[in-house]
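What follows is a single structure, written as C-alpha cells, with notes after it.
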Amino acid sequence: MPKKLGKYIEEGVIYHAFSDQSGVTFYSTVSNEVFVAAVSENNLQAAFHLKNEMTVDVSNIVSALVKQGFIKTEWH
Amino acid sequence: MALSSFVLNTHPFSFRVSTDIEQIVESVKLLYGDAVEWDSRISLPSYEIKIKHASLARKLFKPQSRFFCDQREPFLPMPIDKCLAMFEWGLNWVVSSHEFRHVILHSAVLAKGDKAVLFPAPPGSGKSTLTSWLSHNGWRLLSDEMALMTPNTTQVTPFVRPICLKNNAIALAKEWFPDGRFSHISPNTHKGDVIHLSPPQMSWHERFNTAEVVAIVYPQYSTSTFCDIYELAKAEAFSTLTTNAFNYGVLGGTGFTTLTNLVEKCQTFEVKYNNLEELQSFLENDVL
Amino acid sequence: MSSNSLPITEEAIVRALQDPKSCIGKSDAWWFSFIKILRFERLLSLFAFRCEELDLLVSFPLVVQGHLKNALIMAQRQAGHLKYEVSLLSDSIKTVTPQCLYLKGAAYCLANMTVSKGRLFSDIDVLVPKECLDKIEKSLLFKGWLSKPINDYDERYYRVWAHEIPPLVQSRRGTVVDIHHNLVPPISGKAPDIEAFLSQTMHVNGVTVLKPHAMLLHSCIHLIFNETFKQAHRDLYDISSIIKDYGNSTFWDEAIRLAKETGFYKELFLGCRYSSKKLGYELPPKLISDVPYTSAKLMLLDLVMLKALSPHHPLCKVPGRGVANFLAWARGHWCKMPLMLLIYHLSIKSGRVLAQSILGKHIFDAEGTPK
C-alpha cells in the first residue's frame, strides 16, 4: 500500500485508493486534473510496469507517473 | 414601480436586493416567506443585487429585465416574463462565482433530522420532482441545486431556496401539492417552462442547522422501472461526483480530498425508479 | 431599509490599502461599500493578502472575513496553476520559435515578485515574433485552444488593425492566453523597437520575462495607452510595487535609458508621476527633474489623468470625472491609431445608433459580460 505517496501532496500528485478495491484516483495539483482508474492496485502496479514491491522509497512510483505523463519532472 | 429594497436572509449568505419589478417583489414574498426582511437589522449583507427593468424605452415595447451583482451583469437582458427565473439563476451565479469556502456540488441535498442524502443529478433525471416530494413528506430541504460541503468533512450547510421545477414536473407537482406555494411560470426559458416552489415551513425553520451526509444517491426517473437499486462502486461514484462539482477545480487539492472522503464515508447508490413512495421508503429504512 | 450606500473617498481607499489596520472598527455600511469598490477595482485580493500577512482577518466582521478568504483562495489557485499552463504553452510556442516572452501578471507571478502577491490576472500574456503568429495559433488550436468568442467588430479590430490574434481559450482548462507581437498596437505608428526590449530580459524559473526596469516601463506604457481607464487604478499599485522592490539607482538609470531609446519617456514619466502622487511616495530626482512637457500642458494632463486614474466604482465619488474620462479615453485611442481609423473606432464605440445606420449592423454585448 503506497501510503508514502502522501508525501507528494505538496508538490505533485494526490493519490487515493478506494477502500472497496474498486479503483484508484489521482489528482494532479499542478494541472488541476483528476484521473480515475477503475483498476485494482495490483493491476495499476502492473500497468506501470513496476517490478518491485512498493517500499518506503516511492521514487519508482514517481518515475512511473512521470513516464505516464501525469506529472512533469520539473514539478516535483 | 419605484425601487423597492429588502434583504434576503438566506443562510449562510444574505443579499440586499433592489428591484422595480413588481413581479419580483410578489414572488419573493410568496417563495421566501420569513427570510425576506423589509426592515432588516442586517447592516452588512454578503452581496448587493439589483434586478430591474431594462430601460424606460424598452419598457414600452419589449420589456426586459436585467440582473446585477453590484456592477457586474452576468447575463444578457431577458424578457420580463422570465424575470423570476433570471433572479434565481442570478443568485446561483453569485454564489458559485464568489464563494470558495465550501466545496459546492451541483446536487440536491435533503435530510431527515441531521442525516442527509446527496442527490447529484443531471437535468432530465427527475431530481427536482424527487426534491419536491421528499421536502413535502417529512424531509427538510437543504438545497435543490447547490450542496455546500465543508471542506474535508461530510458536513453540509443548508442554503434553502425555492425548488426549480421544469416542464412535465410542473403539472405533477401541482397535482400532488395543491396547497403548495408556487410562483407563476417563467415560460420558454432555455430550460423550458420553469416554475418555483417554496419548500414547506420546516425547511426554512431549520435552515441554520447543518447536517451530515450519510449517502449519495444518483436518481434516474424511469417510466418502466418501479424501483431498482444498485450499490455503486466507490470509484464509479467518485467519478460521477467529480463531474457534478461546481468548484472543486478552484479549491484544488482540498476539493479532491473532500470528495474522496465523502465517497469513502457514505453509502453510494444508483436508483432507477418511477415510484417515489418506494424510493422514500428505501431511503428511510435502508439508508438513513 | 435605505437603499443608499455610503460613498468612500479615494484617499480613504488608498489609506485602507496602505494601512489595513486602520480598518478595524469601521462601520458595517463602510465595509459594505469598501468591499464592493475593491472587488470592482480588482484590489480585493491584494487587500486580503496584506491583511493576512498582518493577521488582521479576525479583527474584521465575519462577512468581511468571508470575502477576504474567498479572494485569497482565488488568488492562490491562479498562482498554483500558472507554472503548468506556461509549461505547456511554452512547449507549443517553442516548436515554432525560441522567442517566448511572458508579460504582465503572468510574468510577475512566474518571477515570484511581490507585486504578484494577491494579484489576480485574467489572461496569460506572451510576446512572440510577428511572423510566427499564424503558426503558433495553429499549433495551439491543435492542442485544444480556441478563439474566445467575441463579436465581429472586436475580432476585426484584433486581426486587421492590431495584427493580433484574438485571445485563445483552452477548451478543457479554461485558461486564456493573449499572444502579442508588440507591446502596443503597431497601428498607432508608435511601436517600440522590440529588440530594445528583448535585450532587457531575464530567465527565471524556466521562463523568459522582462527585467524589472523594463517591466516598469511596459506597465507605464500600458497605463497611459489605456483604451478605457475603468480598471486602471489597480495598475498604479503594480507600478508602486515594482519601484518599491527594485528602485535603486541602477534600476532608474536603465529604466530612463530604455524609455528614451524606445521613445516612451513621456509614458514612463507620467506613469510614475501618477502612481507616486496617488499612492503617496517619492520618485528619484533624475526622473522628476526631466519633465517632457511644458508646465501648461502638464497641468492639463494632470487635470484629466488624475481624475481618470481614480477608482471608477460609482461609490467612489470623484467630482468632474465624466468629462475627464472621455478625454482620457479619447487620448488612449488617439495614441493607438491614426486619426481616420480613430474616428471610425470612436463612432462605433460611442455612437452606436449612428454608427449602425452609417456603417452597417454590429452586434454589441452588454459591457464586460461573459455570456
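Chain labels run A, B, ... following the order of the C-alpha cells; each chain numbers its residues from 1, and ligands are numbered from 1 in the order shown.
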
Worksheet item: Which neighbours of region 49-56 of chain B fall inside 8 Å, counting only C-alpha atoms, when residues of the same chain fewer than 5 positions from it are skipped, and could you give them as a list of chain:residue names?
Response: B:Phe15, B:Arg16, B:Val17, B:Ser18, B:Thr19, B:Asp20, B:Ile21, B:Pro63, B:Gln64, B:Ser65, B:Arg66, B:Phe67, B:Phe68, B:Cys69, B:Asp70, B:Pro77, B:Ile80, B:Phe87

Just write the chosen residues, C-alpha atoms, as a short mmCIF file (atom, residue, chain, number, x, y, z; two decimals), in the first residue's frame.
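Written output follows (result_3.cif):
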data_model
loop_
_atom_site.label_atom_id
_atom_site.label_comp_id
_atom_site.auth_asym_id
_atom_site.auth_seq_id
_atom_site.Cartn_x
_atom_site.Cartn_y
_atom_site.Cartn_z
CA PHE B 15 -28.47 39.53 -0.23
CA ARG B 16 -29.59 43.11 -0.28
CA VAL B 17 -31.96 43.26 -3.24
CA SER B 18 -33.28 46.31 -5.04
CA THR B 19 -35.92 46.00 -7.73
CA ASP B 20 -38.51 47.99 -9.62
CA ILE B 21 -40.26 44.89 -10.90
CA PRO B 63 -39.87 44.83 -21.70
CA GLN B 64 -36.79 43.14 -20.36
CA SER B 65 -35.18 42.61 -17.01
CA ARG B 66 -31.51 42.96 -16.11
CA PHE B 67 -29.64 41.34 -13.24
CA PHE B 68 -26.66 42.94 -11.48
CA CYS B 69 -24.38 41.86 -8.70
CA ASP B 70 -23.06 45.28 -7.75
CA PRO B 77 -31.17 41.04 -20.55
CA ILE B 80 -39.69 40.32 -18.39
CA PHE B 87 -33.33 36.22 -10.36
#

Practice prompt. May I ask you to extract the residues of chain B within 10 Å of chain C, using only C-alpha atoms, and to give them as a VMD selection string?
Written response: chain B and resid 3 to 7 12 to 14 16 to 18 37 to 48 69 to 77 97 to 102 249 to 252

Written file, previous selection with C-alpha atoms, as an mmCIF file, in the first residue's frame:
data_model
loop_
_atom_site.group_PDB
_atom_site.id
_atom_site.type_symbol
_atom_site.label_atom_id
_atom_site.label_comp_id
_atom_site.auth_asym_id
_atom_site.auth_seq_id
_atom_site.Cartn_x
_atom_site.Cartn_y
_atom_site.Cartn_z
ATOM 1 C CA LEU B 3 -37.275 50.992 -6.436
ATOM 2 C CA SER B 4 -38.027 48.590 -3.612
ATOM 3 C CA SER B 5 -35.339 47.257 -1.283
ATOM 4 C CA PHE B 6 -35.214 44.270 1.050
ATOM 5 C CA VAL B 7 -32.751 41.774 2.480
ATOM 6 C CA PRO B 12 -25.239 31.303 5.051
ATOM 7 C CA PHE B 13 -25.344 34.300 2.706
ATOM 8 C CA SER B 14 -27.544 37.346 2.712
ATOM 9 C CA ARG B 16 -29.590 43.109 -0.279
ATOM 10 C CA VAL B 17 -31.963 43.260 -3.241
ATOM 11 C CA SER B 18 -33.284 46.314 -5.045
ATOM 12 C CA GLU B 37 -36.686 41.268 5.671
ATOM 13 C CA TRP B 38 -38.112 44.630 4.785
ATOM 14 C CA ASP B 39 -36.666 46.496 7.699
ATOM 15 C CA SER B 40 -33.661 44.328 8.151
ATOM 16 C CA ARG B 41 -31.236 44.622 11.015
ATOM 17 C CA ILE B 42 -28.580 43.140 8.776
ATOM 18 C CA SER B 43 -26.334 46.099 8.086
ATOM 19 C CA LEU B 44 -23.667 44.122 6.249
ATOM 20 C CA PRO B 45 -25.247 41.754 3.729
ATOM 21 C CA SER B 46 -22.990 39.444 1.737
ATOM 22 C CA TYR B 47 -23.917 40.767 -1.678
ATOM 23 C CA GLU B 48 -25.762 43.594 -3.376
ATOM 24 C CA CYS B 69 -24.383 41.862 -8.696
ATOM 25 C CA ASP B 70 -23.057 45.277 -7.746
ATOM 26 C CA GLN B 71 -21.546 46.481 -11.031
ATOM 27 C CA ARG B 72 -21.364 43.121 -12.754
ATOM 28 C CA GLU B 73 -24.027 41.949 -15.148
ATOM 29 C CA PRO B 74 -23.517 38.239 -15.807
ATOM 30 C CA PHE B 75 -26.392 37.703 -18.245
ATOM 31 C CA LEU B 76 -27.847 39.338 -21.297
ATOM 32 C CA PRO B 77 -31.174 41.037 -20.552
ATOM 33 C CA SER B 97 -18.551 32.668 -8.769
ATOM 34 C CA HIS B 98 -17.537 34.175 -5.465
ATOM 35 C CA GLU B 99 -17.770 31.568 -2.734
ATOM 36 C CA PHE B 100 -14.887 29.183 -2.268
ATOM 37 C CA ARG B 101 -15.039 28.338 1.390
ATOM 38 C CA HIS B 102 -17.265 25.392 0.622
ATOM 39 C CA GLY B 249 -11.278 22.985 -9.502
ATOM 40 C CA VAL B 250 -10.749 26.264 -7.707
ATOM 41 C CA LEU B 251 -10.201 24.506 -4.430
ATOM 42 C CA GLY B 252 -7.617 22.170 -5.911
#

Fill in: All residues 6 Å or closer to region 222-224 of chain B, only C-alpha atoms, same chain fewer than 6 positions away omitted, as number ranges by chain
B: 272-274

Discussion item. Give me, as a PyMOL selection string, the residues of region 25-238 of chain C that a backbone DSSP run labels helix (DSSP H, G or I).
Written reply: chain C and resi 28-40+44-53+57-59+62-94+104-110+114-116+130-142+152-161+186-188+194-198+212-224+233-238

C-alpha atoms of the current selection, written as a short mmCIF file (atom, residue, chain, number, x, y, z; two decimals), in the first residue's frame:
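Result file again_38.cif:
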data_model
loop_
_atom_site.label_atom_id
_atom_site.label_comp_id
_atom_site.auth_asym_id
_atom_site.auth_seq_id
_atom_site.Cartn_x
_atom_site.Cartn_y
_atom_site.Cartn_z
CA ASP C 28 -20.84 47.87 8.52
CA ALA C 29 -22.01 50.43 5.97
CA TRP C 30 -18.40 51.39 5.30
CA TRP C 31 -17.36 47.76 4.83
CA PHE C 32 -20.29 47.08 2.52
CA SER C 33 -19.15 49.86 0.20
CA PHE C 34 -15.44 49.18 0.62
CA ILE C 35 -15.67 45.51 -0.37
CA LYS C 36 -17.71 46.35 -3.45
CA ILE C 37 -15.28 49.05 -4.54
CA LEU C 38 -12.25 46.83 -4.02
CA ARG C 39 -13.77 43.93 -5.89
CA PHE C 40 -14.62 46.16 -8.84
CA LEU C 44 -9.78 42.84 -3.11
CA SER C 45 -7.24 40.02 -3.18
CA LEU C 46 -4.37 42.48 -2.69
CA PHE C 47 -6.10 43.87 0.38
CA ALA C 48 -6.82 40.33 1.56
CA PHE C 49 -3.18 39.37 1.12
CA ARG C 50 -1.96 42.36 3.12
CA CYS C 51 -4.48 41.71 5.88
CA GLU C 52 -3.48 38.10 6.09
CA GLU C 53 0.19 38.99 6.39
CA LEU C 57 -8.75 38.94 9.49
CA VAL C 58 -10.11 38.02 12.89
CA SER C 59 -10.49 41.71 13.75
CA LEU C 62 -17.47 37.78 9.76
CA VAL C 63 -18.92 38.70 6.39
CA VAL C 64 -15.74 40.61 5.57
CA GLN C 65 -13.58 37.69 6.66
CA GLY C 66 -15.56 35.54 4.29
CA HIS C 67 -14.98 37.82 1.31
CA LEU C 68 -11.28 38.11 2.05
CA LYS C 69 -10.85 34.37 2.44
CA ASN C 70 -12.61 33.80 -0.86
CA ALA C 71 -10.33 36.31 -2.55
CA LEU C 72 -7.23 34.62 -1.11
CA ILE C 73 -8.33 31.20 -2.29
CA MET C 74 -8.93 32.55 -5.77
CA ALA C 75 -5.52 34.24 -5.96
CA GLN C 76 -3.75 31.15 -4.66
CA ARG C 77 -5.41 28.94 -7.19
CA GLN C 78 -4.31 31.11 -10.08
CA ALA C 79 -0.74 31.19 -8.95
CA GLY C 80 -0.72 27.45 -8.41
CA HIS C 81 -1.73 26.55 -11.92
CA LEU C 82 0.24 29.12 -13.81
CA LYS C 83 3.51 27.20 -13.90
CA TYR C 84 1.87 24.24 -15.51
CA GLU C 85 -0.04 26.28 -18.07
CA VAL C 86 3.06 28.21 -19.01
CA SER C 87 5.00 24.99 -19.35
CA LEU C 88 2.51 23.61 -21.86
CA LEU C 89 2.23 26.91 -23.67
CA SER C 90 5.99 27.27 -23.95
CA ASP C 91 6.26 23.77 -25.34
CA SER C 92 3.81 24.63 -28.11
CA ILE C 93 5.36 28.01 -28.89
CA LYS C 94 8.90 26.65 -28.92
CA LYS C 104 2.49 41.48 -17.03
CA GLY C 105 0.60 39.47 -14.42
CA ALA C 106 1.83 36.07 -15.53
CA ALA C 107 5.41 37.34 -15.58
CA TYR C 108 5.16 38.88 -12.10
CA CYS C 109 3.89 35.59 -10.79
CA LEU C 110 6.46 33.41 -12.54
CA THR C 114 5.97 40.93 -4.51
CA VAL C 115 3.71 42.66 -7.00
CA SER C 116 2.21 39.29 -7.83
CA LYS C 130 5.10 38.76 -35.60
CA GLU C 131 5.87 36.37 -38.45
CA CYS C 132 5.20 33.39 -36.18
CA LEU C 133 1.69 34.37 -35.10
CA ASP C 134 -0.19 32.18 -37.54
CA LYS C 135 1.94 29.11 -36.97
CA ILE C 136 1.61 29.47 -33.22
CA GLU C 137 -2.13 29.91 -33.43
CA LYS C 138 -2.34 26.71 -35.48
CA SER C 139 -0.11 24.83 -33.10
CA LEU C 140 -2.29 25.85 -30.17
CA LEU C 141 -5.54 25.12 -31.96
CA PHE C 142 -4.22 21.64 -32.36
CA ASP C 152 -17.38 40.55 -35.20
CA TYR C 153 -16.20 44.08 -34.70
CA ASP C 154 -13.69 43.29 -31.99
CA GLU C 155 -12.41 40.26 -33.91
CA ARG C 156 -11.73 42.51 -36.90
CA TYR C 157 -10.01 45.02 -34.68
CA TYR C 158 -7.69 42.34 -33.45
CA ARG C 159 -6.86 40.72 -36.78
CA VAL C 160 -6.93 43.53 -39.30
CA TRP C 161 -6.00 46.61 -37.37
CA PRO C 186 1.51 48.90 -34.20
CA ILE C 187 -1.34 50.67 -35.95
CA SER C 188 -0.61 53.58 -33.67
CA ILE C 194 11.12 45.27 -29.85
CA GLU C 195 14.78 44.42 -29.98
CA ALA C 196 15.47 47.10 -27.39
CA PHE C 197 13.08 45.35 -25.02
CA LEU C 198 14.24 41.86 -25.91
CA PRO C 212 12.13 44.80 -13.57
CA HIS C 213 13.06 48.19 -15.07
CA ALA C 214 11.62 47.07 -18.42
CA MET C 215 8.54 45.74 -16.64
CA LEU C 216 8.08 49.16 -15.11
CA LEU C 217 8.29 50.84 -18.49
CA HIS C 218 5.87 48.36 -20.01
CA SER C 219 3.43 48.88 -17.17
CA CYS C 220 3.63 52.65 -17.62
CA ILE C 221 3.07 52.38 -21.37
CA HIS C 222 0.05 50.26 -20.67
CA LEU C 223 -1.31 52.68 -18.16
CA ILE C 224 -1.05 55.69 -20.40
CA HIS C 233 -6.41 52.39 -10.84
CA ARG C 234 -5.05 48.97 -9.94
CA ASP C 235 -2.10 49.43 -12.31
CA LEU C 236 -0.87 52.27 -10.10
CA TYR C 237 -0.27 49.68 -7.41
CA ASP C 238 1.70 47.49 -9.83
#

List every residue of chain B that has an atom at most 10 Å from any atom of chain A, and for each one report the closest atom pair and its distance in Å to one decimal, counting only C-alpha atoms, with rows sorted by chain and then by increasing residue number, as JSON lines.
{"residue": "B:Leu232", "atom": "CA", "partner": "A:Ser22", "partner_atom": "CA", "distance": 9.6}
{"residue": "B:Ala233", "atom": "CA", "partner": "A:Ser22", "partner_atom": "CA", "distance": 5.9}
{"residue": "B:Lys234", "atom": "CA", "partner": "A:Ser22", "partner_atom": "CA", "distance": 6.2}
{"residue": "B:Ala235", "atom": "CA", "partner": "A:Gly23", "partner_atom": "CA", "distance": 5.4}
{"residue": "B:Glu236", "atom": "CA", "partner": "A:Ala38", "partner_atom": "CA", "distance": 7.5}
{"residue": "B:Phe238", "atom": "CA", "partner": "A:Val36", "partner_atom": "CA", "distance": 8.3}
{"residue": "B:Ser239", "atom": "CA", "partner": "A:Val36", "partner_atom": "CA", "distance": 6.5}
{"residue": "B:Thr242", "atom": "CA", "partner": "A:Val34", "partner_atom": "CA", "distance": 8.3}
{"residue": "B:Tyr248", "atom": "CA", "partner": "A:Asn32", "partner_atom": "CA", "distance": 9.4}
{"residue": "B:Gly249", "atom": "CA", "partner": "A:Asn32", "partner_atom": "CA", "distance": 6.5}
{"residue": "B:Val250", "atom": "CA", "partner": "A:Asn32", "partner_atom": "CA", "distance": 8.6}
{"residue": "B:Leu251", "atom": "CA", "partner": "A:Asn32", "partner_atom": "CA", "distance": 9.4}
{"residue": "B:Gly252", "atom": "CA", "partner": "A:Asn32", "partner_atom": "CA", "distance": 6.3}
{"residue": "B:Gly253", "atom": "CA", "partner": "A:Thr29", "partner_atom": "CA", "distance": 6.2}
{"residue": "B:Thr254", "atom": "CA", "partner": "A:Thr29", "partner_atom": "CA", "distance": 10.0}
{"residue": "B:Gly255", "atom": "CA", "partner": "A:Tyr27", "partner_atom": "CA", "distance": 9.9}
{"residue": "B:Phe256", "atom": "CA", "partner": "A:Tyr27", "partner_atom": "CA", "distance": 6.9}
{"residue": "B:Thr257", "atom": "CA", "partner": "A:Ile14", "partner_atom": "CA", "distance": 8.3}
{"residue": "B:Thr260", "atom": "CA", "partner": "A:His16", "partner_atom": "CA", "distance": 7.3}
{"residue": "B:Asn261", "atom": "CA", "partner": "A:His16", "partner_atom": "CA", "distance": 9.6}
{"residue": "B:Val263", "atom": "CA", "partner": "A:Phe18", "partner_atom": "CA", "distance": 8.7}
{"residue": "B:Glu264", "atom": "CA", "partner": "A:Phe18", "partner_atom": "CA", "distance": 7.1}

Within 6 Å of Ile216 (chain B) using only C-alpha atoms, minus same-chain residues under 3 positions, as an mmCIF file with N, CA and C atoms, in the first residue's frame:
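Written out: result.cif:
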data_model
loop_
_atom_site.group_PDB
_atom_site.id
_atom_site.type_symbol
_atom_site.label_atom_id
_atom_site.label_comp_id
_atom_site.auth_asym_id
_atom_site.auth_seq_id
_atom_site.Cartn_x
_atom_site.Cartn_y
_atom_site.Cartn_z
ATOM 1 N N VAL B 117 -28.861 13.165 2.634
ATOM 2 C CA VAL B 117 -28.547 12.388 1.435
ATOM 3 C C VAL B 117 -28.321 13.363 0.284
ATOM 4 N N LEU B 118 -27.252 13.117 -0.456
ATOM 5 C CA LEU B 118 -26.963 13.918 -1.649
ATOM 6 C C LEU B 118 -27.612 13.267 -2.860
ATOM 7 N N THR B 268 -23.118 4.526 -1.371
ATOM 8 C CA THR B 268 -23.314 5.109 -2.699
ATOM 9 C C THR B 268 -24.221 4.206 -3.536
#

Report as an mmCIF file with N, CA and C atoms, in the first residue's frame all protein, DNA and RNA residues lying within 9 Å of region 145-157 of chain B, evaluated on only C-alpha atoms, omitting residues in the same chain fewer than 3 positions from it.
data_model
loop_
_atom_site.group_PDB
_atom_site.id
_atom_site.type_symbol
_atom_site.label_atom_id
_atom_site.label_comp_id
_atom_site.auth_asym_id
_atom_site.auth_seq_id
_atom_site.Cartn_x
_atom_site.Cartn_y
_atom_site.Cartn_z
ATOM 1 N N HIS B 11 -29.430 32.029 4.919
ATOM 2 C CA HIS B 11 -28.207 31.490 5.486
ATOM 3 C C HIS B 11 -27.535 30.567 4.481
ATOM 4 N N PRO B 12 -26.228 30.510 4.348
ATOM 5 C CA PRO B 12 -25.239 31.303 5.051
ATOM 6 C C PRO B 12 -24.875 32.631 4.370
ATOM 7 N N ASN B 92 -27.682 31.980 -7.931
ATOM 8 C CA ASN B 92 -26.791 30.824 -8.084
ATOM 9 C C ASN B 92 -25.439 31.264 -8.629
ATOM 10 N N SER B 96 -21.795 30.766 -6.827
ATOM 11 C CA SER B 96 -20.795 29.877 -7.427
ATOM 12 C C SER B 96 -19.584 30.631 -7.965
ATOM 13 N N ARG B 101 -15.332 28.927 0.091
ATOM 14 C CA ARG B 101 -15.039 28.338 1.390
ATOM 15 C C ARG B 101 -15.739 26.999 1.564
ATOM 16 N N HIS B 102 -16.647 26.716 0.643
ATOM 17 C CA HIS B 102 -17.265 25.392 0.622
ATOM 18 C C HIS B 102 -16.904 24.716 -0.683
ATOM 19 N N VAL B 103 -16.924 23.381 -0.671
ATOM 20 C CA VAL B 103 -16.864 22.664 -1.944
ATOM 21 C C VAL B 103 -18.312 22.586 -2.403
ATOM 22 N N ILE B 104 -18.611 23.205 -3.513
ATOM 23 C CA ILE B 104 -20.001 23.265 -3.951
ATOM 24 C C ILE B 104 -20.277 22.160 -4.965
ATOM 25 N N LEU B 105 -21.253 21.329 -4.631
ATOM 26 C CA LEU B 105 -21.644 20.253 -5.534
ATOM 27 C C LEU B 105 -22.959 20.607 -6.211
ATOM 28 N N HIS B 106 -23.022 20.295 -7.472
ATOM 29 C CA HIS B 106 -24.264 20.521 -8.196
ATOM 30 C C HIS B 106 -25.186 19.356 -7.859
ATOM 31 N N SER B 107 -25.928 19.523 -6.802
ATOM 32 C CA SER B 107 -26.658 18.379 -6.275
ATOM 33 C C SER B 107 -27.779 18.856 -5.378
ATOM 34 N N ALA B 108 -28.848 18.087 -5.318
ATOM 35 C CA ALA B 108 -29.871 18.360 -4.312
ATOM 36 C C ALA B 108 -29.391 17.699 -3.020
ATOM 37 N N VAL B 109 -29.764 18.280 -1.896
ATOM 38 C CA VAL B 109 -29.449 17.621 -0.630
ATOM 39 C C VAL B 109 -30.606 17.829 0.338
ATOM 40 N N ALA B 116 -28.226 13.452 6.192
ATOM 41 C CA ALA B 116 -28.550 13.968 4.867
ATOM 42 C C ALA B 116 -28.172 12.997 3.755
ATOM 43 N N LEU B 118 -27.252 13.117 -0.456
ATOM 44 C CA LEU B 118 -26.963 13.918 -1.649
ATOM 45 C C LEU B 118 -27.612 13.267 -2.860
ATOM 46 N N PRO B 120 -26.983 13.913 -6.546
ATOM 47 C CA PRO B 120 -26.404 14.614 -7.689
ATOM 48 C C PRO B 120 -27.095 14.122 -8.952
ATOM 49 N N SER B 128 -35.659 17.244 -9.395
ATOM 50 C CA SER B 128 -36.488 18.239 -8.710
ATOM 51 C C SER B 128 -37.850 17.688 -8.307
ATOM 52 N N LEU B 142 -32.229 21.064 2.190
ATOM 53 C CA LEU B 142 -31.069 21.914 2.449
ATOM 54 C C LEU B 142 -30.746 22.714 1.195
ATOM 55 N N ILE B 163 -37.496 25.561 -4.868
ATOM 56 C CA ILE B 163 -37.190 24.439 -5.761
ATOM 57 C C ILE B 163 -37.583 24.833 -7.185
ATOM 58 N N CYS B 164 -36.704 24.500 -8.108
ATOM 59 C CA CYS B 164 -36.963 24.865 -9.504
ATOM 60 C C CYS B 164 -37.501 23.643 -10.262
ATOM 61 N N ARG B 207 -33.134 26.076 8.560
ATOM 62 C CA ARG B 207 -32.078 26.400 7.589
ATOM 63 C C ARG B 207 -30.738 26.784 8.210
ATOM 64 N N PHE B 208 -30.705 26.997 9.507
ATOM 65 C CA PHE B 208 -29.433 27.357 10.137
ATOM 66 C C PHE B 208 -28.669 26.141 10.646
ATOM 67 N N ASN B 209 -29.283 24.967 10.508
ATOM 68 C CA ASN B 209 -28.674 23.763 11.077
ATOM 69 C C ASN B 209 -28.001 22.892 10.034
ATOM 70 N N THR B 210 -26.724 22.595 10.287
ATOM 71 C CA THR B 210 -26.005 21.739 9.338
ATOM 72 C C THR B 210 -26.484 20.291 9.480
ATOM 73 N N ALA B 211 -26.016 19.445 8.561
ATOM 74 C CA ALA B 211 -26.342 18.023 8.619
ATOM 75 C C ALA B 211 -25.121 17.240 8.159
ATOM 76 N N GLU B 212 -25.129 15.940 8.412
ATOM 77 C CA GLU B 212 -24.027 15.084 7.974
ATOM 78 C C GLU B 212 -24.525 14.203 6.835
ATOM 79 N N VAL B 213 -23.777 14.178 5.753
ATOM 80 C CA VAL B 213 -24.178 13.344 4.621
ATOM 81 C C VAL B 213 -23.852 11.888 4.934
ATOM 82 N N VAL B 214 -24.841 11.018 4.793
ATOM 83 C CA VAL B 214 -24.594 9.595 5.033
ATOM 84 C C VAL B 214 -24.679 8.773 3.757
ATOM 85 N N PHE B 246 -19.271 21.888 -8.754
ATOM 86 C CA PHE B 246 -19.162 23.222 -9.339
ATOM 87 C C PHE B 246 -17.740 23.741 -9.323
ATOM 88 N N THR B 254 -7.852 20.485 -1.929
ATOM 89 C CA THR B 254 -8.894 20.415 -0.891
ATOM 90 C C THR B 254 -10.193 19.865 -1.472
ATOM 91 N N GLY B 255 -10.524 20.305 -2.678
ATOM 92 C CA GLY B 255 -11.731 19.796 -3.329
ATOM 93 C C GLY B 255 -11.643 18.299 -3.544
ATOM 94 N N PHE B 256 -10.494 17.865 -3.997
ATOM 95 C CA PHE B 256 -10.284 16.452 -4.274
ATOM 96 C C PHE B 256 -10.409 15.620 -3.005
ATOM 97 N N THR B 257 -9.719 16.024 -1.950
ATOM 98 C CA THR B 257 -9.759 15.219 -0.723
ATOM 99 C C THR B 257 -11.148 15.252 -0.088
ATOM 100 N N THR B 258 -11.845 16.351 -0.255
ATOM 101 C CA THR B 258 -13.220 16.407 0.270
ATOM 102 C C THR B 258 -14.086 15.360 -0.420
ATOM 103 N N LEU B 259 -13.935 15.253 -1.735
ATOM 104 C CA LEU B 259 -14.761 14.306 -2.472
ATOM 105 C C LEU B 259 -14.359 12.857 -2.200
ATOM 106 N N THR B 260 -13.073 12.573 -2.093
ATOM 107 C CA THR B 260 -12.686 11.184 -1.802
ATOM 108 C C THR B 260 -13.170 10.806 -0.408
ATOM 109 N N ASN B 261 -13.050 11.723 0.529
ATOM 110 C CA ASN B 261 -13.516 11.470 1.888
ATOM 111 C C ASN B 261 -15.026 11.204 1.906
ATOM 112 N N LEU B 262 -15.732 12.008 1.149
ATOM 113 C CA LEU B 262 -17.187 11.879 1.088
ATOM 114 C C LEU B 262 -17.586 10.510 0.540
ATOM 115 N N LYS B 265 -16.854 7.726 3.118
ATOM 116 C CA LYS B 265 -17.668 7.681 4.335
ATOM 117 C C LYS B 265 -19.146 7.380 4.062
ATOM 118 N N CYS B 266 -19.576 7.569 2.818
ATOM 119 C CA CYS B 266 -21.005 7.421 2.537
ATOM 120 C C CYS B 266 -21.317 6.147 1.775
#
